[in-house]
Amino acid sequence: MPDPNTGEPRPPRAPRIYQRIEHTPTDRSPRKPPEAPEHLGPVLEWLQPTARDQYTSALFIVGISVAYLTLVDGGLRWTHMWVMWVIMAVGAWVMFGATRNHWTAVGSTWVQWRDDWVDTYHLTRIRFSADGPNRVLRLKDAHGNKIHSFKISEIQRNPDLWDLVYNGILHSVASGNCD
């Protein structure tokens with residue numbers, strides 16, 4: 001188990017399904033992070049969508065809407081209907097806001113997703129399931145803390161973050177107190 005304050009020694013590399021790599025930014029602080037469980041040690045790694053990710057997802061929704069409306073309408077007549085532009089703007093705004101809220105942080109013995117966090121070295125239940133198109137972990141610790149739907153693709157984007165989470169999960173499973 002790593003030291004709660006320094007995270008040293010770092011755990012070995014964990015196996016990953018998703019190969020996208022995004023390390024913890026060193027050139028900026030996180031934007032409006034939720035309060036972390038300070039009694040378990042500091043934040044060692046974190047992951048948060050950038051403004052570019054937010055704009056990309058918003059533009060993706062607009063692009064899909066334009067393609068769909070053009071195919072369904074058989075041309076560009078839909079561009080003269082103001083209500084379609086309002087629907088696309090609202091869809092882009094919702095997507096922009098939805099991607100902003102995905103905060104993931106980890107200490108040496110805990111993980112946090114949005115406002116929820118668990119002690120990874122004292123997990124009592126680990127469930128793997130599908131939530132729509134996403135593979136997710138559902139975690140519960142001995143203190144009653146839960147993360148209901150933790151996207152594996154999100155946590156594996158940052159390899160150092162995933163290593164700390166995976167090491168804690170392995171420790172909990174090996175303890176025999178985990179279902």
# chains A, B, ... in the order shown; residues from 1 in each chain; ligands from 1
$ residues_around --residues "A:His39" --least-positions-apart "2" --cutoff "12 Å" --atoms "only C-alpha atoms" --output "list in words"
Pro4, Asn5, Glu35, Ala36, Pro37, Gly41, Pro42, Val43, Gly107, Ser108, Thr109, Trp110 and Asp119 of chain A
$ residues_around --residues "A:Ala51" --least-positions-apart "2" --cutoff "12 Å" --atoms "only C-alpha atoms" --output "PyMOL selection string"
chain A and resi 30-31+48-49+53-58+96-97+99-101
$ closest_residue --among "A:Leu71, A:Ile155, A:Leu164, A:Ala89" --to "A:Tyr18" --atoms "only C-alpha atoms"
A:Ile155
$ residues_around --residues "A:Gln19" --least-positions-apart "6" --cutoff "10 Å" --atoms "only C-alpha atoms" --output "PyMOL selection string"
chain A and resi 153+156-159
$ write_last_selection --atoms "N, CA and C atoms" --output "JSON list (two decimals), in the first residue's frame"
[["chain", "number", "residue", "atom", "x", "y", "z"],
["A", 153, "SER", "N", -13.79, 3.53, -18.98],
["A", 153, "SER", "CA", -13.09, 4.29, -20.02],
["A", 153, "SER", "C", -12.59, 5.63, -19.48],
["A", 156, "GLN", "N", -9.46, 4.85, -16.99],
["A", 156, "GLN", "CA", -8.28, 4.30, -17.66],
["A", 156, "GLN", "C", -7.62, 5.29, -18.60],
["A", 157, "ARG", "N", -8.23, 6.46, -18.84],
["A", 157, "ARG", "CA", -7.59, 7.49, -19.68],
["A", 157, "ARG", "C", -6.30, 7.99, -19.05],
["A", 158, "ASN", "N", -6.26, 8.03, -17.72],
["A", 158, "ASN", "CA", -5.05, 8.46, -17.01],
["A", 158, "ASN", "C", -4.40, 7.21, -16.41],
["A", 159, "PRO", "N", -3.33, 6.70, -17.00],
["A", 159, "PRO", "CA", -2.73, 5.44, -16.53],
["A", 159, "PRO", "C", -2.27, 5.49, -15.07]]
$ residues_around --residues "A:Asp115" --least-positions-apart "2" --cutoff "10 Å" --atoms "only C-alpha atoms" --output "PDB file with C-alpha atoms, in the first residue's frame"
ATOM      1  CA  PRO A  33     -13.005  20.407  -8.014  1.00  0.00           C
ATOM      2  CA  PRO A  34     -15.442  18.913  -5.492  1.00  0.00           C
ATOM      3  CA  GLU A  35     -14.215  18.488  -1.951  1.00  0.00           C
ATOM      4  CA  ALA A  36     -11.974  15.446  -1.585  1.00  0.00           C
ATOM      5  CA  ASN A 101     -19.039  17.690 -14.719  1.00  0.00           C
ATOM      6  CA  HIS A 102     -16.831  14.577 -15.057  1.00  0.00           C
ATOM      7  CA  TRP A 103     -14.333  15.035 -12.219  1.00  0.00           C
ATOM      8  CA  THR A 104     -12.142  12.073 -11.330  1.00  0.00           C
ATOM      9  CA  GLN A 112     -13.469  10.099  -6.240  1.00  0.00           C
ATOM     10  CA  TRP A 113     -15.849  10.430  -9.164  1.00  0.00           C
ATOM     11  CA  TRP A 117     -15.702   8.707  -3.237  1.00  0.00           C
ATOM     12  CA  ILE A 147     -19.658   5.195  -6.400  1.00  0.00           C
TER      13      ILE A 147
END
$ closest_residue --among "A:Tyr121, A:Ile152, A:Gly63, A:Trp162" --to "A:Arg135" --atoms "only C-alpha atoms"
A:Ile152
$ closest_residue --among "A:Ala174, A:Ile64, A:Val86, A:Val111" --to "A:Leu161" --atoms "only C-alpha atoms"
A:Val111
$ closest_residue --among "A:Ile169, A:Leu123, A:Cys178, A:Leu47" --to "A:Ile21" --atoms "only C-alpha atoms"
A:Leu47
$ atom_distance --atom1 "atom CA of A:Ser175" --atom2 "atom CA of A:Lys140"
14.8 Å
$ closest_residue --among "A:Glu154, A:Glu8, A:Asp116, A:Asp131" --to "A:Glu22" --atoms "only C-alpha atoms"
A:Glu154
$ select_by_dssp --residues "chain A" --states "alpha helix (DSSP H)" --output "MDAnalysis selection string"
chainID A and resid 51:73 82:100 152:155 159:175
$ write_last_selection --atoms "C-alpha atoms" --output "PDB file, in the first residue's frame"
ATOM      1  CA  ALA A  51     -12.626  23.146 -22.584  1.00  0.00           C
ATOM      2  CA  ARG A  52     -11.599  21.611 -25.914  1.00  0.00           C
ATOM      3  CA  ASP A  53     -13.327  18.336 -24.952  1.00  0.00           C
ATOM      4  CA  GLN A  54     -16.470  20.258 -24.081  1.00  0.00           C
ATOM      5  CA  TYR A  55     -16.550  22.211 -27.350  1.00  0.00           C
ATOM      6  CA  THR A  56     -15.794  19.070 -29.339  1.00  0.00           C
ATOM      7  CA  SER A  57     -18.728  17.198 -27.788  1.00  0.00           C
ATOM      8  CA  ALA A  58     -21.060  20.162 -28.365  1.00  0.00           C
ATOM      9  CA  LEU A  59     -19.995  20.448 -32.018  1.00  0.00           C
ATOM     10  CA  PHE A  60     -20.362  16.682 -32.425  1.00  0.00           C
ATOM     11  CA  ILE A  61     -24.036  16.928 -31.396  1.00  0.00           C
ATOM     12  CA  VAL A  62     -24.580  19.793 -33.844  1.00  0.00           C
ATOM     13  CA  GLY A  63     -22.894  17.784 -36.625  1.00  0.00           C
ATOM     14  CA  ILE A  64     -25.036  14.737 -35.975  1.00  0.00           C
ATOM     15  CA  SER A  65     -28.155  16.913 -35.909  1.00  0.00           C
ATOM     16  CA  VAL A  66     -27.271  18.578 -39.225  1.00  0.00           C
ATOM     17  CA  ALA A  67     -26.587  15.206 -40.890  1.00  0.00           C
ATOM     18  CA  TYR A  68     -29.793  13.665 -39.512  1.00  0.00           C
ATOM     19  CA  LEU A  69     -32.012  16.613 -40.477  1.00  0.00           C
ATOM     20  CA  THR A  70     -30.484  16.785 -43.956  1.00  0.00           C
ATOM     21  CA  LEU A  71     -31.074  13.072 -44.557  1.00  0.00           C
ATOM     22  CA  VAL A  72     -34.607  13.052 -43.150  1.00  0.00           C
ATOM     23  CA  ASP A  73     -35.637  16.261 -44.938  1.00  0.00           C
ATOM     24  CA  TRP A  82     -35.933  28.463 -36.627  1.00  0.00           C
ATOM     25  CA  VAL A  83     -37.119  25.785 -34.202  1.00  0.00           C
ATOM     26  CA  MET A  84     -34.500  23.340 -35.546  1.00  0.00           C
ATOM     27  CA  TRP A  85     -31.729  25.853 -34.793  1.00  0.00           C
ATOM     28  CA  VAL A  86     -33.083  26.276 -31.267  1.00  0.00           C
ATOM     29  CA  ILE A  87     -33.151  22.505 -30.734  1.00  0.00           C
ATOM     30  CA  MET A  88     -29.547  22.190 -31.960  1.00  0.00           C
ATOM     31  CA  ALA A  89     -28.398  25.070 -29.743  1.00  0.00           C
ATOM     32  CA  VAL A  90     -30.071  23.534 -26.687  1.00  0.00           C
ATOM     33  CA  GLY A  91     -28.567  20.126 -27.511  1.00  0.00           C
ATOM     34  CA  ALA A  92     -25.087  21.645 -27.834  1.00  0.00           C
ATOM     35  CA  TRP A  93     -25.508  23.555 -24.568  1.00  0.00           C
ATOM     36  CA  VAL A  94     -26.651  20.408 -22.720  1.00  0.00           C
ATOM     37  CA  MET A  95     -23.717  18.388 -24.107  1.00  0.00           C
ATOM     38  CA  PHE A  96     -21.251  21.164 -23.230  1.00  0.00           C
ATOM     39  CA  GLY A  97     -22.546  21.223 -19.634  1.00  0.00           C
ATOM     40  CA  ALA A  98     -22.728  17.443 -19.311  1.00  0.00           C
ATOM     41  CA  THR A  99     -19.063  16.921 -20.172  1.00  0.00           C
ATOM     42  CA  ARG A 100     -17.905  19.642 -17.768  1.00  0.00           C
ATOM     43  CA  ILE A 152     -13.915   2.365 -16.849  1.00  0.00           C
ATOM     44  CA  SER A 153     -13.090   4.295 -20.020  1.00  0.00           C
ATOM     45  CA  GLU A 154     -12.870   7.482 -17.919  1.00  0.00           C
ATOM     46  CA  ILE A 155     -10.550   6.147 -15.228  1.00  0.00           C
ATOM     47  CA  PRO A 159      -2.731   5.440 -16.531  1.00  0.00           C
ATOM     48  CA  ASP A 160      -1.243   6.725 -13.254  1.00  0.00           C
ATOM     49  CA  LEU A 161      -4.728   7.279 -11.815  1.00  0.00           C
ATOM     50  CA  TRP A 162      -5.861   3.808 -12.938  1.00  0.00           C
ATOM     51  CA  ASP A 163      -2.764   2.166 -11.401  1.00  0.00           C
ATOM     52  CA  LEU A 164      -3.656   3.554  -7.945  1.00  0.00           C
ATOM     53  CA  VAL A 165      -7.330   2.530  -8.256  1.00  0.00           C
ATOM     54  CA  TYR A 166      -6.511  -0.952  -9.560  1.00  0.00           C
ATOM     55  CA  ASN A 167      -3.975  -1.568  -6.784  1.00  0.00           C
ATOM     56  CA  GLY A 168      -6.599  -0.697  -4.159  1.00  0.00           C
ATOM     57  CA  ILE A 169      -9.174  -2.947  -5.825  1.00  0.00           C
ATOM     58  CA  LEU A 170      -6.711  -5.855  -5.880  1.00  0.00           C
ATOM     59  CA  HIS A 171      -5.920  -5.280  -2.191  1.00  0.00           C
ATOM     60  CA  SER A 172      -9.629  -5.316  -1.290  1.00  0.00           C
ATOM     61  CA  VAL A 173     -10.256  -8.498  -3.272  1.00  0.00           C
ATOM     62  CA  ALA A 174      -7.220 -10.221  -1.710  1.00  0.00           C
ATOM     63  CA  SER A 175      -8.385  -9.275   1.816  1.00  0.00           C
TER      64      SER A 175
END
$ closest_residue --among "A:Leu44, A:Val118, A:Gly176, A:Gly74" --to "A:Gly7" --atoms "only C-alpha atoms"
A:Leu44
$ select_by_dssp --residues "chain A" --states "strand (DSSP E)" --output "MDAnalysis selection string"
chainID A and resid 45:47 104:106 110:113 116:119 123:131 134:141 146:151
$ write_last_selection --atoms "N, CA and C atoms" --output "short mmCIF file (atom, residue, chain, number, x, y, z; two decimals), in the first residue's frame"
data_model
loop_
_atom_site.label_atom_id
_atom_site.label_comp_id
_atom_site.auth_asym_id
_atom_site.auth_seq_id
_atom_site.Cartn_x
_atom_site.Cartn_y
_atom_site.Cartn_z
N GLU A 45 -3.51 12.24 -8.30
CA GLU A 45 -3.79 12.29 -9.74
C GLU A 45 -5.23 12.73 -9.93
N TRP A 46 -5.48 13.46 -11.00
CA TRP A 46 -6.85 13.85 -11.32
C TRP A 46 -7.04 13.95 -12.82
N LEU A 47 -8.29 13.90 -13.21
CA LEU A 47 -8.65 13.93 -14.61
C LEU A 47 -9.94 14.73 -14.74
N THR A 104 -12.68 13.31 -11.87
CA THR A 104 -12.14 12.07 -11.33
C THR A 104 -10.84 12.41 -10.63
N ALA A 105 -10.70 11.96 -9.39
CA ALA A 105 -9.47 12.20 -8.63
C ALA A 105 -9.15 10.96 -7.82
N VAL A 106 -7.85 10.84 -7.46
CA VAL A 106 -7.43 9.68 -6.68
C VAL A 106 -6.31 10.10 -5.73
N TRP A 110 -7.78 6.14 -2.02
CA TRP A 110 -9.18 6.49 -2.31
C TRP A 110 -9.32 6.95 -3.74
N VAL A 111 -10.56 6.89 -4.23
CA VAL A 111 -10.90 7.40 -5.55
C VAL A 111 -12.20 8.17 -5.45
N GLN A 112 -12.28 9.25 -6.24
CA GLN A 112 -13.47 10.10 -6.24
C GLN A 112 -13.94 10.28 -7.67
N TRP A 113 -15.24 10.15 -7.88
CA TRP A 113 -15.85 10.43 -9.16
C TRP A 113 -17.00 11.37 -8.91
N ASP A 116 -18.83 11.71 -5.31
CA ASP A 116 -18.79 10.45 -4.57
C ASP A 116 -17.36 9.92 -4.50
N TRP A 117 -17.03 9.29 -3.39
CA TRP A 117 -15.70 8.71 -3.24
C TRP A 117 -15.78 7.44 -2.41
N VAL A 118 -14.78 6.56 -2.57
CA VAL A 118 -14.66 5.33 -1.78
C VAL A 118 -13.21 5.13 -1.38
N ASP A 119 -13.03 4.40 -0.30
CA ASP A 119 -11.71 3.97 0.17
C ASP A 119 -11.40 2.67 -0.57
N LEU A 123 -12.80 -1.88 0.21
CA LEU A 123 -14.02 -2.12 -0.56
C LEU A 123 -14.71 -3.38 -0.05
N THR A 124 -16.04 -3.33 0.02
CA THR A 124 -16.81 -4.50 0.43
C THR A 124 -17.62 -5.07 -0.74
N ARG A 125 -17.81 -4.26 -1.79
CA ARG A 125 -18.56 -4.76 -2.94
C ARG A 125 -18.04 -4.09 -4.21
N ILE A 126 -17.79 -4.93 -5.21
CA ILE A 126 -17.36 -4.46 -6.52
C ILE A 126 -18.27 -5.14 -7.54
N ARG A 127 -18.91 -4.33 -8.35
CA ARG A 127 -19.77 -4.86 -9.41
C ARG A 127 -19.29 -4.30 -10.74
N PHE A 128 -19.25 -5.16 -11.73
CA PHE A 128 -18.91 -4.76 -13.09
C PHE A 128 -20.16 -4.94 -13.92
N SER A 129 -20.56 -3.89 -14.63
CA SER A 129 -21.77 -4.01 -15.45
C SER A 129 -21.70 -3.03 -16.61
N ALA A 130 -22.76 -3.01 -17.38
CA ALA A 130 -22.89 -2.08 -18.50
C ALA A 130 -23.95 -1.04 -18.15
N ASP A 131 -23.65 0.21 -18.44
CA ASP A 131 -24.58 1.30 -18.23
C ASP A 131 -24.71 2.00 -19.57
N ASN A 134 -21.51 2.07 -21.95
CA ASN A 134 -20.30 2.13 -21.13
C ASN A 134 -20.17 0.94 -20.19
N ARG A 135 -18.93 0.48 -20.03
CA ARG A 135 -18.62 -0.51 -18.99
C ARG A 135 -18.34 0.27 -17.72
N VAL A 136 -18.95 -0.15 -16.63
CA VAL A 136 -18.82 0.62 -15.38
C VAL A 136 -18.50 -0.28 -14.20
N LEU A 137 -17.89 0.33 -13.20
CA LEU A 137 -17.68 -0.32 -11.91
C LEU A 137 -18.63 0.34 -10.91
N ARG A 138 -19.20 -0.47 -10.05
CA ARG A 138 -20.03 0.04 -8.96
C ARG A 138 -19.30 -0.40 -7.68
N LEU A 139 -18.86 0.58 -6.91
CA LEU A 139 -18.01 0.31 -5.75
C LEU A 139 -18.67 0.75 -4.46
N LYS A 140 -18.46 -0.03 -3.40
CA LYS A 140 -18.95 0.32 -2.06
C LYS A 140 -17.86 -0.06 -1.07
N ASP A 141 -17.59 0.84 -0.10
CA ASP A 141 -16.53 0.54 0.87
C ASP A 141 -17.11 0.21 2.25
N LYS A 146 -20.20 5.07 -1.57
CA LYS A 146 -20.46 4.37 -2.82
C LYS A 146 -20.11 5.24 -4.01
N ILE A 147 -19.69 4.59 -5.07
CA ILE A 147 -19.66 5.19 -6.40
C ILE A 147 -20.57 4.32 -7.23
N HIS A 148 -21.68 4.89 -7.68
CA HIS A 148 -22.72 4.10 -8.33
C HIS A 148 -22.35 3.64 -9.74
N SER A 149 -21.75 4.52 -10.54
CA SER A 149 -21.51 4.17 -11.93
C SER A 149 -20.22 4.83 -12.39
N PHE A 150 -19.11 4.14 -12.21
CA PHE A 150 -17.77 4.65 -12.47
C PHE A 150 -17.32 4.14 -13.83
N LYS A 151 -17.27 4.99 -14.84
CA LYS A 151 -16.93 4.56 -16.20
C LYS A 151 -15.47 4.11 -16.29
#
$ decode --residues "stretch 51-109 of chain A" --atoms "C-alpha atoms" --output "short mmCIF file (atom, residue, chain, number, x, y, z; two decimals), in the first residue's frame"
data_model
loop_
_atom_site.label_atom_id
_atom_site.label_comp_id
_atom_site.auth_asym_id
_atom_site.auth_seq_id
_atom_site.Cartn_x
_atom_site.Cartn_y
_atom_site.Cartn_z
CA ALA A 51 -12.63 23.15 -22.58
CA ARG A 52 -11.60 21.61 -25.91
CA ASP A 53 -13.33 18.34 -24.95
CA GLN A 54 -16.47 20.26 -24.08
CA TYR A 55 -16.55 22.21 -27.35
CA THR A 56 -15.79 19.07 -29.34
CA SER A 57 -18.73 17.20 -27.79
CA ALA A 58 -21.06 20.16 -28.37
CA LEU A 59 -20.00 20.45 -32.02
CA PHE A 60 -20.36 16.68 -32.43
CA ILE A 61 -24.04 16.93 -31.40
CA VAL A 62 -24.58 19.79 -33.84
CA GLY A 63 -22.89 17.78 -36.62
CA ILE A 64 -25.04 14.74 -35.98
CA SER A 65 -28.16 16.91 -35.91
CA VAL A 66 -27.27 18.58 -39.23
CA ALA A 67 -26.59 15.21 -40.89
CA TYR A 68 -29.79 13.66 -39.51
CA LEU A 69 -32.01 16.61 -40.48
CA THR A 70 -30.48 16.78 -43.96
CA LEU A 71 -31.07 13.07 -44.56
CA VAL A 72 -34.61 13.05 -43.15
CA ASP A 73 -35.64 16.26 -44.94
CA GLY A 74 -33.96 15.24 -48.20
CA GLY A 75 -32.10 18.53 -48.46
CA LEU A 76 -31.47 21.75 -46.62
CA ARG A 77 -35.05 23.07 -46.35
CA TRP A 78 -34.88 22.49 -42.60
CA THR A 79 -32.40 25.40 -42.33
CA HIS A 80 -35.33 27.82 -42.79
CA MET A 81 -37.09 26.49 -39.66
CA TRP A 82 -35.93 28.46 -36.63
CA VAL A 83 -37.12 25.78 -34.20
CA MET A 84 -34.50 23.34 -35.55
CA TRP A 85 -31.73 25.85 -34.79
CA VAL A 86 -33.08 26.28 -31.27
CA ILE A 87 -33.15 22.50 -30.73
CA MET A 88 -29.55 22.19 -31.96
CA ALA A 89 -28.40 25.07 -29.74
CA VAL A 90 -30.07 23.53 -26.69
CA GLY A 91 -28.57 20.13 -27.51
CA ALA A 92 -25.09 21.64 -27.83
CA TRP A 93 -25.51 23.55 -24.57
CA VAL A 94 -26.65 20.41 -22.72
CA MET A 95 -23.72 18.39 -24.11
CA PHE A 96 -21.25 21.16 -23.23
CA GLY A 97 -22.55 21.22 -19.63
CA ALA A 98 -22.73 17.44 -19.31
CA THR A 99 -19.06 16.92 -20.17
CA ARG A 100 -17.90 19.64 -17.77
CA ASN A 101 -19.04 17.69 -14.72
CA HIS A 102 -16.83 14.58 -15.06
CA TRP A 103 -14.33 15.04 -12.22
CA THR A 104 -12.14 12.07 -11.33
CA ALA A 105 -9.47 12.20 -8.63
CA VAL A 106 -7.43 9.68 -6.68
CA GLY A 107 -5.25 9.58 -3.61
CA SER A 108 -3.10 6.66 -2.60
CA THR A 109 -6.02 4.89 -0.88
#
